[in-house]
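J.: Sharing a structure below in structure tokens format, with a few things to ask.
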Amino acid sequence: GAVVSQHPSWVICKSGTSVKIECRSLDFQATTMFWYRQFPKQSLMLMATSNEGSKATYEQGVEKDKFLINHASLTLSTLTVTSAHPEDSSFYICSARDPRQGGTDTQYFGPGTRLTVL
Amino acid sequence: SQKIEQNSEALNIQEGKTATLTCNYTNYSPAYLQWYRQDPGRGPVFLLLIRENEKEKRKERLKVTFDTTLKQSLFHITASQPADSATYLCALEAAWNYGQNFVFGPGTRLSVLP
């Protein structure tokens with residue numbers, strides 16, 4: 001099956017610093033990847049859709065200048081949380097569609113990245 | 001407004017029984033409805049997908065039904081085991097916004113007691 005990895009799995013940083021999270025599709029090419037955020041005991045909230053070779057599409061209320069997304073290749077998307085603050089502490093999860101599924105919309109999720117901003 | 005609801009935040013059942021989880025939606029016309037399992041601190045794992053023109057889907061001990069008239073999907077786990085304890089999420093994608101609008105329900109935390 002399709003495998004999506006994320007790095008790092010957890011990160012602790014000081015307030016005001018920037019943190020980069022990588023999302024990779026390991027055995028397939030993904031023209032579209034998705035970034036979600038999940039707060040404790042809450043469901044996943046879509047932040048943005050990352051498109052290879054073009055600008056990301058952000059959901060309403062998500063600051064694009066704060067959450068920078070780069071989808072530079074068909075297997076890698078990065079999310080950079082700039083000038084992180086404690087309220088940005090959350091579980092960030094990426095996902096990708098596997099085009100080999102042909103007509104279905106199953107998303108394969110990475111293991112998530114736990115961000116803690118002190 | 002558009003909304004997805006899952007029957008309860010938490011559900012406890014005895015091992016061996018059938019767990020039934022409910023997903024209701026309003027003001028959506030989903031092309032697909034999917035069920036995922038999420039363990040604490042992990043990303044969701046895909047379980048089953050059911051299309052709008054399908055009534056039922058099965059996979060081993062799992063069964064999903066989809067009633068577009070009631071705007072409801074039921075997710076059943078038969079012969080439940082403690083290892084089935086996890087949070088189960090339903091998610092749908094609207095046909096009108098294909099590829100752009102994938103929305104998750106709040107999830108139901110299932111505990112199967114030995």
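Each chain in the structure tokens gets a letter, A, B, ..., in the order shown, and its residues are numbered from 1; ligands are numbered from 1 in order too.
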At a cut-off of 8 Å, which residues of chain B touch chain A? Count only C-alpha atoms and give the answer as an MDAnalysis selection string.
T.: chainID B and resid 32 34 41:46 49 89 99:100 102:107
J.: Can you tell me, as JSON, numbers by chain, which residues in chain B count as strand (DSSP E or B) by DSSP?
T.: {"B": [3, 4, 5, 6, 10, 11, 12, 13, 14, 19, 20, 21, 22, 23, 24, 25, 26, 30, 31, 32, 33, 34, 35, 36, 37, 38, 45, 46, 47, 48, 49, 50, 51, 56, 57, 58, 59, 62, 63, 64, 65, 66, 67, 72, 73, 74, 75, 76, 77, 86, 87, 88, 89, 90, 91, 92, 93, 94, 102, 103, 104, 108, 109, 110, 111, 112, 113]}
J.: Tell me which protein, DNA and RNA residues are within 7 Å of Ser80 (chain B), counting only C-alpha atoms, leaving out same-chain ones fewer than 6 positions away, and put them as a PDB file with N, CA, C and O atoms, in the first residue's frame.
T.:
ATOM      1  N   GLU B  15     -16.110  -7.148  24.703  1.00  0.00           N
ATOM      2  CA  GLU B  15     -15.439  -7.966  23.695  1.00  0.00           C
ATOM      3  C   GLU B  15     -16.392  -9.017  23.128  1.00  0.00           C
ATOM      4  O   GLU B  15     -17.153  -9.641  23.870  1.00  0.00           O
ATOM      5  N   GLY B  16     -16.356  -9.185  21.806  1.00  0.00           N
ATOM      6  CA  GLY B  16     -17.198 -10.174  21.159  1.00  0.00           C
ATOM      7  C   GLY B  16     -18.496  -9.607  20.614  1.00  0.00           C
ATOM      8  O   GLY B  16     -19.124 -10.206  19.734  1.00  0.00           O
ATOM      9  N   LYS B  17     -18.885  -8.449  21.117  1.00  0.00           N
ATOM     10  CA  LYS B  17     -20.110  -7.807  20.642  1.00  0.00           C
ATOM     11  C   LYS B  17     -19.840  -7.028  19.362  1.00  0.00           C
ATOM     12  O   LYS B  17     -18.680  -6.825  18.970  1.00  0.00           O
ATOM     13  N   THR B  18     -20.929  -6.587  18.730  1.00  0.00           N
ATOM     14  CA  THR B  18     -20.802  -5.754  17.530  1.00  0.00           C
ATOM     15  C   THR B  18     -20.857  -4.281  17.908  1.00  0.00           C
ATOM     16  O   THR B  18     -21.792  -3.856  18.590  1.00  0.00           O
ATOM     17  N   ALA B  19     -19.866  -3.548  17.469  1.00  0.00           N
ATOM     18  CA  ALA B  19     -19.842  -2.099  17.689  1.00  0.00           C
ATOM     19  C   ALA B  19     -20.476  -1.428  16.479  1.00  0.00           C
ATOM     20  O   ALA B  19     -20.162  -1.782  15.337  1.00  0.00           O
ATOM     21  N   VAL B 112     -13.124  -1.325  23.584  1.00  0.00           N
ATOM     22  CA  VAL B 112     -13.632  -2.695  23.662  1.00  0.00           C
ATOM     23  C   VAL B 112     -13.061  -3.313  24.929  1.00  0.00           C
ATOM     24  O   VAL B 112     -11.846  -3.481  25.067  1.00  0.00           O
TER      25      VAL B 112
END
J.: For CA of Ser85 (chain B) and CA of Glu60 (chain B), quote the distance in Å rounded to one decimal.
T.: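 A separation of 16.6 Å between them.
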J.: Can you work out which one of B:Ile50, B:Leu113, B:Leu62, B:Leu33 has the shortest atom-to-atom distance to Phe75 (chain B), counting only C-alpha atoms?
T.: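 Among the listed residues, the smallest separation from Phe75 (chain B) belongs to B:Leu62.
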J.: Please return as a VMD selection string: the residues of chain B that backbone DSSP assigns to helix (DSSP H, G or I).
T.: chain B and resid 82 to 84 95 to 97
J.: Generate the output file for the selected residues, C-alpha atoms, as a PDB file, in the first residue's frame.
T.:
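After the write, out-v7.pdb holds the following:
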ATOM      1  CA  PRO B  82      -9.712  -5.037  22.570  1.00  0.00           C
ATOM      2  CA  ALA B  83      -7.306  -4.325  19.689  1.00  0.00           C
ATOM      3  CA  ASP B  84     -10.171  -2.558  17.932  1.00  0.00           C
ATOM      4  CA  ALA B  95     -19.071  15.839  -5.373  1.00  0.00           C
ATOM      5  CA  TRP B  96     -19.444  19.529  -6.153  1.00  0.00           C
ATOM      6  CA  ASN B  97     -15.947  20.321  -4.904  1.00  0.00           C
TER       7      ASN B  97
END
J.: Do you know which residues are at most 7 Å from Arg109 (chain B) counting only C-alpha atoms, after dropping those on the same chain fewer than 6 positions away, and could you put them as an NGL selection string?
T.: :B and (9-11 or 86-88)
J.: Please produce a file of those selected residues containing N, CA and C atoms, as a PDB file, in the first residue's frame.
T.:
ATOM      1  N   GLU B   9     -19.148  10.750  21.433  1.00  0.00           N
ATOM      2  CA  GLU B   9     -17.711  10.999  21.569  1.00  0.00           C
ATOM      3  C   GLU B   9     -16.987   9.713  21.952  1.00  0.00           C
ATOM      4  N   ALA B  10     -17.660   8.904  22.783  1.00  0.00           N
ATOM      5  CA  ALA B  10     -17.043   7.669  23.252  1.00  0.00           C
ATOM      6  C   ALA B  10     -18.079   6.552  23.301  1.00  0.00           C
ATOM      7  N   LEU B  11     -17.613   5.342  23.035  1.00  0.00           N
ATOM      8  CA  LEU B  11     -18.485   4.175  23.053  1.00  0.00           C
ATOM      9  C   LEU B  11     -17.735   3.015  23.679  1.00  0.00           C
ATOM     10  N   ALA B  86      -9.918   2.315  19.517  1.00  0.00           N
ATOM     11  CA  ALA B  86      -9.284   3.423  18.800  1.00  0.00           C
ATOM     12  C   ALA B  86     -10.352   4.480  18.571  1.00  0.00           C
ATOM     13  N   THR B  87      -9.961   5.580  17.956  1.00  0.00           N
ATOM     14  CA  THR B  87     -10.922   6.589  17.510  1.00  0.00           C
ATOM     15  C   THR B  87     -11.219   6.349  16.034  1.00  0.00           C
ATOM     16  N   TYR B  88     -12.483   6.343  15.699  1.00  0.00           N
ATOM     17  CA  TYR B  88     -12.904   6.101  14.328  1.00  0.00           C
ATOM     18  C   TYR B  88     -13.512   7.376  13.760  1.00  0.00           C
TER      19      TYR B  88
END
J.: Have a look at CA of Pro86 (chain A) and CA of Cys13 (chain A) and let me know their distance in Å, one decimal.
T.: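 Interatomic distance, CA of Pro86 (chain A) to CA of Cys13 (chain A): 9.4 Å.
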J.: Skipping near chain neighbours, those fewer than 6 positions away, what residues fall within 6 Å of region 64-74 of chain A using only C-alpha atoms, listed as a ChimeraX atom specification?
T.: /A:29-31,52,80-82
J.: Output all heavy atoms of each residue in that selection to a file, as a PDB file, in the first residue's frame.
T.:
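Wrote it out as again04.pdb, contents follow:
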ATOM      1  N   GLN A  29       3.981   8.851  -6.510  1.00  0.00           N
ATOM      2  CA  GLN A  29       4.107  10.284  -6.753  1.00  0.00           C
ATOM      3  C   GLN A  29       2.781  10.965  -6.447  1.00  0.00           C
ATOM      4  O   GLN A  29       1.722  10.504  -6.881  1.00  0.00           O
ATOM      5  CB  GLN A  29       4.513  10.531  -8.212  1.00  0.00           C
ATOM      6  CG  GLN A  29       5.910  10.021  -8.527  1.00  0.00           C
ATOM      7  CD  GLN A  29       6.325  10.336  -9.952  1.00  0.00           C
ATOM      8  OE1 GLN A  29       5.494  10.392 -10.853  1.00  0.00           O
ATOM      9  NE2 GLN A  29       7.615  10.553 -10.164  1.00  0.00           N
ATOM     10  N   ALA A  30       2.859  12.031  -5.723  1.00  0.00           N
ATOM     11  CA  ALA A  30       1.656  12.729  -5.283  1.00  0.00           C
ATOM     12  C   ALA A  30       1.657  14.162  -5.810  1.00  0.00           C
ATOM     13  O   ALA A  30       2.453  14.979  -5.366  1.00  0.00           O
ATOM     14  CB  ALA A  30       1.569  12.728  -3.762  1.00  0.00           C
ATOM     15  N   THR A  31       0.760  14.439  -6.744  1.00  0.00           N
ATOM     16  CA  THR A  31       0.664  15.815  -7.231  1.00  0.00           C
ATOM     17  C   THR A  31      -0.034  16.705  -6.215  1.00  0.00           C
ATOM     18  O   THR A  31       0.129  17.912  -6.233  1.00  0.00           O
ATOM     19  CB  THR A  31      -0.111  15.869  -8.558  1.00  0.00           C
ATOM     20  OG1 THR A  31      -1.385  15.236  -8.367  1.00  0.00           O
ATOM     21  CG2 THR A  31       0.643  15.144  -9.657  1.00  0.00           C
ATOM     22  N   GLU A  52       1.820  20.357  -6.375  1.00  0.00           N
ATOM     23  CA  GLU A  52       3.167  20.322  -6.917  1.00  0.00           C
ATOM     24  C   GLU A  52       3.326  21.352  -8.016  1.00  0.00           C
ATOM     25  O   GLU A  52       2.527  21.401  -8.956  1.00  0.00           O
ATOM     26  CB  GLU A  52       3.482  18.917  -7.439  1.00  0.00           C
ATOM     27  CG  GLU A  52       4.931  18.722  -7.849  1.00  0.00           C
ATOM     28  CD  GLU A  52       5.192  19.006  -9.308  1.00  0.00           C
ATOM     29  OE1 GLU A  52       4.231  18.920 -10.094  1.00  0.00           O
ATOM     30  OE2 GLU A  52       6.343  19.313  -9.667  1.00  0.00           O
ATOM     31  N   THR A  80       6.222  24.984   6.799  1.00  0.00           N
ATOM     32  CA  THR A  80       7.052  25.738   7.716  1.00  0.00           C
ATOM     33  C   THR A  80       6.166  26.637   8.566  1.00  0.00           C
ATOM     34  O   THR A  80       5.416  27.458   8.015  1.00  0.00           O
ATOM     35  CB  THR A  80       8.083  26.602   6.955  1.00  0.00           C
ATOM     36  OG1 THR A  80       8.912  25.746   6.163  1.00  0.00           O
ATOM     37  CG2 THR A  80       8.959  27.378   7.934  1.00  0.00           C
ATOM     38  N   VAL A  81       6.239  26.428   9.861  1.00  0.00           N
ATOM     39  CA  VAL A  81       5.512  27.281  10.799  1.00  0.00           C
ATOM     40  C   VAL A  81       6.470  28.412  11.162  1.00  0.00           C
ATOM     41  O   VAL A  81       7.490  28.188  11.832  1.00  0.00           O
ATOM     42  CB  VAL A  81       5.089  26.494  12.052  1.00  0.00           C
ATOM     43  CG1 VAL A  81       4.265  27.390  12.981  1.00  0.00           C
ATOM     44  CG2 VAL A  81       4.299  25.252  11.665  1.00  0.00           C
ATOM     45  N   THR A  82       6.159  29.600  10.712  1.00  0.00           N
ATOM     46  CA  THR A  82       7.068  30.723  10.943  1.00  0.00           C
ATOM     47  C   THR A  82       6.692  31.460  12.225  1.00  0.00           C
ATOM     48  O   THR A  82       5.515  31.533  12.589  1.00  0.00           O
ATOM     49  CB  THR A  82       7.019  31.710   9.766  1.00  0.00           C
ATOM     50  OG1 THR A  82       5.690  32.239   9.663  1.00  0.00           O
ATOM     51  CG2 THR A  82       7.372  31.026   8.459  1.00  0.00           C
TER      52      THR A  82
END
J.: With a distance cut-off of 9 Å and only C-alpha atoms, select the neighbouring residues of Asp88 (chain A), excluding the residue or stretch itself and same-chain residues fewer than 2 positions from it, and output the selection as a list in words.
T.: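 My list of contacting residues is Val81, Ala84, His85, Pro86, Ser90, Leu115, Thr116 and Val117 of chain A.
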J.: Rank nothing, just name the residue among B:Thr78, B:Thr68, B:Ser29, B:Gln14 nearest to Glu93 (chain B), using only C-alpha atoms.
T.: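 Of B:Thr78, B:Thr68, B:Ser29, B:Gln14, the one nearest Glu93 (chain B), counting only C-alpha atoms, is B:Ser29.
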J.: Between B:Tyr36, B:Thr20, B:Tyr25, B:Ala79, single out the one closest to Thr65 (chain B), counting only C-alpha atoms.
T.: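 For Thr65 (chain B), the nearest of the candidates is B:Thr20.
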